[in-house]
file protein_10.pdb (PDB, C-alpha atoms, pLDDT in the B column)
ATOM      1  CA  MET A   1      13.754   1.992  22.392  1.00 38.00           C
ATOM      2  CA  THR A   2      12.062   2.004  19.001  1.00 42.00           C
ATOM      3  CA  LYS A   3      10.347  -0.991  17.514  1.00 43.00           C
ATOM      4  CA  LYS A   4      11.759  -2.072  14.147  1.00 45.00           C
ATOM      5  CA  ASN A   5       9.727  -4.224  11.792  1.00 46.00           C
ATOM      6  CA  THR A   6      11.531  -6.166   9.100  1.00 45.00           C
ATOM      7  CA  LEU A   7       9.625  -7.277   6.051  1.00 43.00           C
ATOM      8  CA  SER A   8      10.903  -9.292   3.133  1.00 42.00           C
ATOM      9  CA  THR A   9       9.210  -9.457  -0.220  1.00 45.00           C
ATOM     10  CA  ASP A  10       9.413 -10.455  -3.823  1.00 52.00           C
ATOM     11  CA  ALA A  11       8.573  -7.942  -6.547  1.00 51.00           C
ATOM     12  CA  ASN A  12       4.831  -8.637  -6.519  1.00 59.00           C
ATOM     13  CA  GLU A  13       3.861  -9.217  -2.886  1.00 90.00           C
ATOM     14  CA  PHE A  14       0.730  -7.849  -1.239  1.00 92.00           C
ATOM     15  CA  VAL A  15       0.217  -7.633   2.528  1.00 93.00           C
ATOM     16  CA  ILE A  16      -2.793  -6.564   4.567  1.00 93.00           C
ATOM     17  CA  ILE A  17      -2.162  -5.287   8.102  1.00 93.00           C
ATOM     18  CA  ASP A  18      -5.270  -5.765  10.221  1.00 93.00           C
ATOM     19  CA  ASP A  19      -3.929  -5.327  13.752  1.00 93.00           C
ATOM     20  CA  VAL A  20      -2.339  -2.184  15.192  1.00 91.00           C
ATOM     21  CA  LYS A  21       0.381  -4.280  16.861  1.00 92.00           C
ATOM     22  CA  ASN A  22       1.600  -5.231  13.355  1.00 91.00           C
ATOM     23  CA  GLU A  23       1.641  -1.689  11.992  1.00 91.00           C
ATOM     24  CA  PRO A  24       5.102  -1.188  10.441  1.00 92.00           C
ATOM     25  CA  GLN A  25       7.336   1.833  10.781  1.00 92.00           C
ATOM     26  CA  TYR A  26       8.244   3.928   7.743  1.00 94.00           C
ATOM     27  CA  GLN A  27      11.648   2.336   7.134  1.00 95.00           C
ATOM     28  CA  ALA A  28      10.168  -1.160   7.116  1.00 94.00           C
ATOM     29  CA  VAL A  29       7.565  -0.077   4.552  1.00 94.00           C
ATOM     30  CA  SER A  30      10.227   1.643   2.445  1.00 95.00           C
ATOM     31  CA  ASP A  31      12.296  -1.541   2.484  1.00 94.00           C
ATOM     32  CA  PHE A  32       9.205  -3.592   1.601  1.00 94.00           C
ATOM     33  CA  VAL A  33       8.191  -1.461  -1.405  1.00 94.00           C
ATOM     34  CA  GLY A  34      11.783  -0.887  -2.478  1.00 93.00           C
ATOM     35  CA  GLY A  35      11.934   2.905  -2.308  1.00 94.00           C
ATOM     36  CA  MET A  36       9.981   6.022  -1.390  1.00 96.00           C
ATOM     37  CA  VAL A  37       6.543   5.301   0.036  1.00 96.00           C
ATOM     38  CA  GLU A  38       3.379   6.675  -1.552  1.00 95.00           C
ATOM     39  CA  VAL A  39       0.272   6.619   0.625  1.00 94.00           C
ATOM     40  CA  VAL A  40      -3.200   6.436  -0.910  1.00 92.00           C
ATOM     41  CA  SER A  41      -6.236   6.754   1.334  1.00 90.00           C
ATOM     42  CA  PHE A  42      -9.131   4.529   0.324  1.00 89.00           C
ATOM     43  CA  PRO A  43     -12.670   5.883   0.787  1.00 90.00           C
ATOM     44  CA  ASN A  44     -13.206   3.485   3.724  1.00 91.00           C
ATOM     45  CA  GLY A  45     -10.193   4.894   5.626  1.00 92.00           C
ATOM     46  CA  ASP A  46      -7.734   2.087   4.850  1.00 93.00           C
ATOM     47  CA  LEU A  47      -4.302   3.119   3.540  1.00 94.00           C
ATOM     48  CA  LEU A  48      -2.548   1.659   0.519  1.00 95.00           C
ATOM     49  CA  LEU A  49       1.252   1.934   0.707  1.00 96.00           C
ATOM     50  CA  LEU A  50       3.284   1.441  -2.461  1.00 95.00           C
ATOM     51  CA  ASN A  51       6.462   2.534  -4.215  1.00 96.00           C
ATOM     52  CA  GLU A  52       6.062   6.145  -5.336  1.00 95.00           C
ATOM     53  CA  GLU A  53       8.223   5.543  -8.407  1.00 95.00           C
ATOM     54  CA  GLY A  54       7.115   1.974  -9.144  1.00 93.00           C
ATOM     55  CA  LYS A  55       5.774   2.715 -12.622  1.00 93.00           C
ATOM     56  CA  LEU A  56       8.872   4.718 -13.561  1.00 94.00           C
ATOM     57  CA  MET A  57      11.016   1.814 -12.358  1.00 92.00           C
ATOM     58  CA  GLY A  58       9.051  -0.649 -14.487  1.00 92.00           C
ATOM     59  CA  LEU A  59       7.911  -2.758 -11.543  1.00 93.00           C
ATOM     60  CA  PRO A  60       5.513  -5.592 -12.428  1.00 93.00           C
ATOM     61  CA  LEU A  61       1.748  -5.387 -12.064  1.00 93.00           C
ATOM     62  CA  ASN A  62       0.477  -6.284  -8.608  1.00 94.00           C
ATOM     63  CA  GLU A  63      -2.790  -8.030  -9.452  1.00 92.00           C
ATOM     64  CA  LYS A  64      -4.115  -8.293  -5.889  1.00 93.00           C
ATOM     65  CA  ALA A  65      -3.466  -4.640  -5.061  1.00 93.00           C
ATOM     66  CA  THR A  66      -4.880  -3.532  -8.429  1.00 92.00           C
ATOM     67  CA  ALA A  67      -8.073  -5.536  -7.819  1.00 91.00           C
ATOM     68  CA  LEU A  68      -8.474  -3.846  -4.432  1.00 91.00           C
ATOM     69  CA  TRP A  69      -7.809  -0.431  -6.031  1.00 88.00           C
ATOM     70  CA  ARG A  70     -10.530  -1.028  -8.604  1.00 86.00           C
ATOM     71  CA  LYS A  71     -12.947  -2.197  -5.911  1.00 87.00           C
ATOM     72  CA  HIS A  72     -12.584   1.146  -4.107  1.00 81.00           C
ATOM     73  CA  PHE A  73     -12.176   3.503  -7.077  1.00 75.00           C
ATOM     74  CA  THR A  74     -14.920   2.699  -9.564  1.00 66.00           C
ATOM     75  CA  LYS A  75     -16.040   4.440 -12.724  1.00 64.00           C
ATOM     76  CA  GLU A  76     -19.326   5.250 -10.991  1.00 72.00           C
ATOM     77  CA  THR A  77     -17.682   7.008  -8.035  1.00 67.00           C
ATOM     78  CA  HIS A  78     -14.578   8.626  -9.554  1.00 60.00           C
ATOM     79  CA  LEU A  79     -14.057  10.647 -12.717  1.00 56.00           C
ATOM     80  CA  PHE A  80     -10.474   9.454 -13.153  1.00 54.00           C
ATOM     81  CA  GLY A  81      -8.065   6.962 -11.634  1.00 61.00           C
ATOM     82  CA  TYR A  82     -10.585   4.120 -11.570  1.00 62.00           C
ATOM     83  CA  ASP A  83      -8.689   2.264 -14.305  1.00 72.00           C
ATOM     84  CA  ASP A  84      -5.238   2.775 -12.765  1.00 86.00           C
ATOM     85  CA  VAL A  85      -2.986  -0.090 -11.728  1.00 91.00           C
ATOM     86  CA  VAL A  86      -0.724  -0.820  -8.769  1.00 93.00           C
ATOM     87  CA  VAL A  87       2.771  -2.087  -9.501  1.00 93.00           C
ATOM     88  CA  GLY A  88       5.371  -3.698  -7.291  1.00 94.00           C
ATOM     89  CA  PRO A  89       5.000  -4.673  -3.641  1.00 95.00           C
ATOM     90  CA  ALA A  90       2.077  -3.037  -1.869  1.00 96.00           C
ATOM     91  CA  MET A  91       0.622  -3.010   1.606  1.00 95.00           C
ATOM     92  CA  VAL A  92      -2.758  -2.069   3.027  1.00 95.00           C
ATOM     93  CA  ILE A  93      -3.113  -0.938   6.611  1.00 94.00           C
ATOM     94  CA  GLN A  94      -6.744  -1.293   7.544  1.00 94.00           C
ATOM     95  CA  LYS A  95      -8.373   1.662   9.298  1.00 93.00           C
ATOM     96  CA  ASN A  96      -8.731  -0.244  12.568  1.00 91.00           C
ATOM     97  CA  ALA A  97      -4.986  -1.016  12.566  1.00 90.00           C
ATOM     98  CA  LEU A  98      -3.802   2.569  12.062  1.00 89.00           C
ATOM     99  CA  ASN A  99      -1.784   4.247  14.765  1.00 85.00           C
ATOM    100  CA  THR A 100       1.365   6.078  13.625  1.00 79.00           C
ATOM    101  CA  TRP A 101       0.215   6.192   9.977  1.00 79.00           C
ATOM    102  CA  ALA A 102      -3.097   7.839  10.903  1.00 71.00           C
ATOM    103  CA  SER A 103      -3.357  11.509  10.070  1.00 57.00           C
TER     104      SER A 103
END
call {"tool": "encode", "arguments": {"input": "protein_10.pdb", "output": "structure tokens"}}
result
Amino acid sequence: MTKKNTLSTDANEFVIIDDVKNEPQYQAVSDFVGGMVEVVSFPNGDLLLLNEEGKLMGLPLNEKATALWRKHFTKETHLFGYDDVVVGPAMVIQKNALNTWAS
């Protein structure tokens, strides 16, 4: 029997998963972000999950996820991408909560 997580969201929600027992399966994340899932690995090992086509779809700015992005990817540590933004629903799975999403 497979475990199915169901998440509901508005267009600008941000969730942090900090316990492996709450780690969602792919379909639940896809439903949450509203499409194909893009995975970005932060330098500390946490994963940011967002809609791969969010910018093309015109999804609204996600201020919380963008602030976290800019905390990890700074002008001092990265040549490009430090001024990028995150749009639409986004989720972070902290390193200590990774199981099936870990590579």
call {"tool": "resolve_selection", "arguments": {"input": "protein_10.pdb", "expression": "the PyMOL selection byres ((chain A and resi 96) around 8)", "output": "list of chain:residue names"}}
result
A:Asp18, A:Asp19, A:Val20, A:Gln94, A:Lys95, A:Ala97, A:Leu98
call {"tool": "resolve_selection", "arguments": {"input": "protein_10.pdb", "expression": "the PyMOL selection byres ((chain A and resi 90-93) around 10)", "output": "JSON, numbers by chain"}}
result
{"A": [9, 11, 12, 13, 14, 15, 16, 17, 18, 19, 20, 22, 23, 24, 29, 32, 33, 34, 37, 38, 39, 40, 41, 42, 45, 46, 47, 48, 49, 50, 51, 62, 64, 65, 66, 68, 86, 87, 88, 89, 94, 95, 96, 97, 98, 99, 101, 102]}
call {"tool": "atom_distance", "arguments": {"input": "protein_10.pdb", "atom1": "CA of Gly54 in chain A", "atom2": "CA of Thr100 in chain A"}}
result
23.8 Å
call {"tool": "atom_distance", "arguments": {"input": "protein_10.pdb", "atom1": "CA of Ala28 in chain A", "atom2": "CA of Leu59 in chain A"}}
result
18.9 Å
call {"tool": "atom_distance", "arguments": {"input": "protein_10.pdb", "atom1": "CA of Gly58 in chain A", "atom2": "CA of Lys71 in chain A"}}
result
23.7 Å
call {"tool": "build_atoms", "arguments": {"input": "protein_10.pdb", "residues": "range 26-61 of chain A", "atoms": "N, CA and C atoms", "output": "mmCIF file, in the frame of the given file"}}
result
data_model
loop_
_atom_site.group_PDB
_atom_site.id
_atom_site.type_symbol
_atom_site.label_atom_id
_atom_site.label_comp_id
_atom_site.auth_asym_id
_atom_site.auth_seq_id
_atom_site.Cartn_x
_atom_site.Cartn_y
_atom_site.Cartn_z
ATOM 1 N N TYR A 26 7.973 3.461 9.107
ATOM 2 C CA TYR A 26 8.244 3.928 7.743
ATOM 3 C C TYR A 26 9.386 3.159 7.078
ATOM 4 N N GLN A 27 10.491 2.981 7.761
ATOM 5 C CA GLN A 27 11.648 2.336 7.134
ATOM 6 C C GLN A 27 11.332 0.914 6.692
ATOM 7 N N ALA A 28 10.551 0.203 7.496
ATOM 8 C CA ALA A 28 10.168 -1.160 7.116
ATOM 9 C C ALA A 28 9.301 -1.153 5.862
ATOM 10 N N VAL A 29 8.405 -0.176 5.747
ATOM 11 C CA VAL A 29 7.565 -0.077 4.552
ATOM 12 C C VAL A 29 8.416 0.301 3.350
ATOM 13 N N SER A 30 9.330 1.237 3.524
ATOM 14 C CA SER A 30 10.227 1.643 2.445
ATOM 15 C C SER A 30 11.050 0.457 1.947
ATOM 16 N N ASP A 31 11.548 -0.339 2.864
ATOM 17 C CA ASP A 31 12.296 -1.541 2.484
ATOM 18 C C ASP A 31 11.390 -2.522 1.733
ATOM 19 N N PHE A 32 10.161 -2.661 2.204
ATOM 20 C CA PHE A 32 9.205 -3.592 1.601
ATOM 21 C C PHE A 32 8.864 -3.200 0.163
ATOM 22 N N VAL A 33 8.584 -1.909 -0.057
ATOM 23 C CA VAL A 33 8.191 -1.461 -1.405
ATOM 24 C C VAL A 33 9.393 -1.156 -2.287
ATOM 25 N N GLY A 34 10.572 -1.100 -1.698
ATOM 26 C CA GLY A 34 11.783 -0.887 -2.478
ATOM 27 C C GLY A 34 12.061 0.558 -2.853
ATOM 28 N N GLY A 35 11.665 1.489 -2.015
ATOM 29 C CA GLY A 35 11.934 2.905 -2.308
ATOM 30 C C GLY A 35 11.051 3.828 -1.494
ATOM 31 N N MET A 36 10.822 5.032 -2.066
ATOM 32 C CA MET A 36 9.981 6.022 -1.390
ATOM 33 C C MET A 36 8.541 5.519 -1.321
ATOM 34 N N VAL A 37 7.884 5.807 -0.216
ATOM 35 C CA VAL A 37 6.543 5.301 0.036
ATOM 36 C C VAL A 37 5.493 6.323 -0.393
ATOM 37 N N GLU A 38 4.562 5.879 -1.219
ATOM 38 C CA GLU A 38 3.379 6.675 -1.552
ATOM 39 C C GLU A 38 2.223 6.120 -0.742
ATOM 40 N N VAL A 39 1.420 7.019 -0.188
ATOM 41 C CA VAL A 39 0.272 6.619 0.625
ATOM 42 C C VAL A 39 -1.001 7.078 -0.079
ATOM 43 N N VAL A 40 -1.902 6.136 -0.313
ATOM 44 C CA VAL A 40 -3.200 6.436 -0.910
ATOM 45 C C VAL A 40 -4.266 6.069 0.112
ATOM 46 N N SER A 41 -5.150 7.014 0.396
ATOM 47 C CA SER A 41 -6.236 6.754 1.334
ATOM 48 C C SER A 41 -7.455 6.256 0.566
ATOM 49 N N PHE A 42 -7.918 5.061 0.926
ATOM 50 C CA PHE A 42 -9.131 4.529 0.324
ATOM 51 C C PHE A 42 -10.344 5.219 0.949
ATOM 52 N N PRO A 43 -11.467 5.242 0.245
ATOM 53 C CA PRO A 43 -12.670 5.883 0.787
ATOM 54 C C PRO A 43 -13.119 5.327 2.147
ATOM 55 N N ASN A 44 -12.798 4.084 2.442
ATOM 56 C CA ASN A 44 -13.206 3.485 3.724
ATOM 57 C C ASN A 44 -12.228 3.787 4.862
ATOM 58 N N GLY A 45 -11.154 4.534 4.585
ATOM 59 C CA GLY A 45 -10.193 4.894 5.626
ATOM 60 C C GLY A 45 -8.951 4.027 5.671
ATOM 61 N N ASP A 46 -8.936 2.916 4.944
ATOM 62 C CA ASP A 46 -7.734 2.087 4.850
ATOM 63 C C ASP A 46 -6.672 2.839 4.057
ATOM 64 N N LEU A 47 -5.408 2.508 4.282
ATOM 65 C CA LEU A 47 -4.302 3.119 3.540
ATOM 66 C C LEU A 47 -3.616 2.090 2.665
ATOM 67 N N LEU A 48 -3.349 2.463 1.437
ATOM 68 C CA LEU A 48 -2.548 1.659 0.519
ATOM 69 C C LEU A 48 -1.158 2.279 0.469
ATOM 70 N N LEU A 49 -0.133 1.475 0.729
ATOM 71 C CA LEU A 49 1.252 1.934 0.707
ATOM 72 C C LEU A 49 1.964 1.228 -0.437
ATOM 73 N N LEU A 50 2.620 2.000 -1.292
ATOM 74 C CA LEU A 50 3.284 1.441 -2.461
ATOM 75 C C LEU A 50 4.497 2.278 -2.809
ATOM 76 N N ASN A 51 5.275 1.821 -3.776
ATOM 77 C CA ASN A 51 6.462 2.534 -4.215
ATOM 78 C C ASN A 51 6.043 3.723 -5.067
ATOM 79 N N GLU A 52 6.435 4.915 -4.643
ATOM 80 C CA GLU A 52 6.062 6.145 -5.336
ATOM 81 C C GLU A 52 6.545 6.171 -6.785
ATOM 82 N N GLU A 53 7.645 5.525 -7.063
ATOM 83 C CA GLU A 53 8.223 5.543 -8.407
ATOM 84 C C GLU A 53 8.123 4.184 -9.103
ATOM 85 N N GLY A 54 7.223 3.334 -8.625
ATOM 86 C CA GLY A 54 7.115 1.974 -9.144
ATOM 87 C C GLY A 54 6.896 1.893 -10.644
ATOM 88 N N LYS A 55 6.042 2.743 -11.180
ATOM 89 C CA LYS A 55 5.774 2.715 -12.622
ATOM 90 C C LYS A 55 6.991 3.190 -13.399
ATOM 91 N N LEU A 56 7.659 4.219 -12.899
ATOM 92 C CA LEU A 56 8.872 4.718 -13.561
ATOM 93 C C LEU A 56 9.981 3.677 -13.543
ATOM 94 N N MET A 57 9.997 2.851 -12.498
ATOM 95 C CA MET A 57 11.016 1.814 -12.358
ATOM 96 C C MET A 57 10.667 0.564 -13.161
ATOM 97 N N GLY A 58 9.466 0.516 -13.717
ATOM 98 C CA GLY A 58 9.051 -0.649 -14.487
ATOM 99 C C GLY A 58 8.721 -1.867 -13.638
ATOM 100 N N LEU A 59 8.264 -1.630 -12.409
ATOM 101 C CA LEU A 59 7.911 -2.758 -11.543
ATOM 102 C C LEU A 59 6.705 -3.500 -12.125
ATOM 103 N N PRO A 60 6.603 -4.794 -11.859
ATOM 104 C CA PRO A 60 5.513 -5.592 -12.428
ATOM 105 C C PRO A 60 4.156 -5.276 -11.789
ATOM 106 N N LEU A 61 3.119 -5.565 -12.531
ATOM 107 C CA LEU A 61 1.748 -5.387 -12.064
ATOM 108 C C LEU A 61 1.514 -6.208 -10.801
#
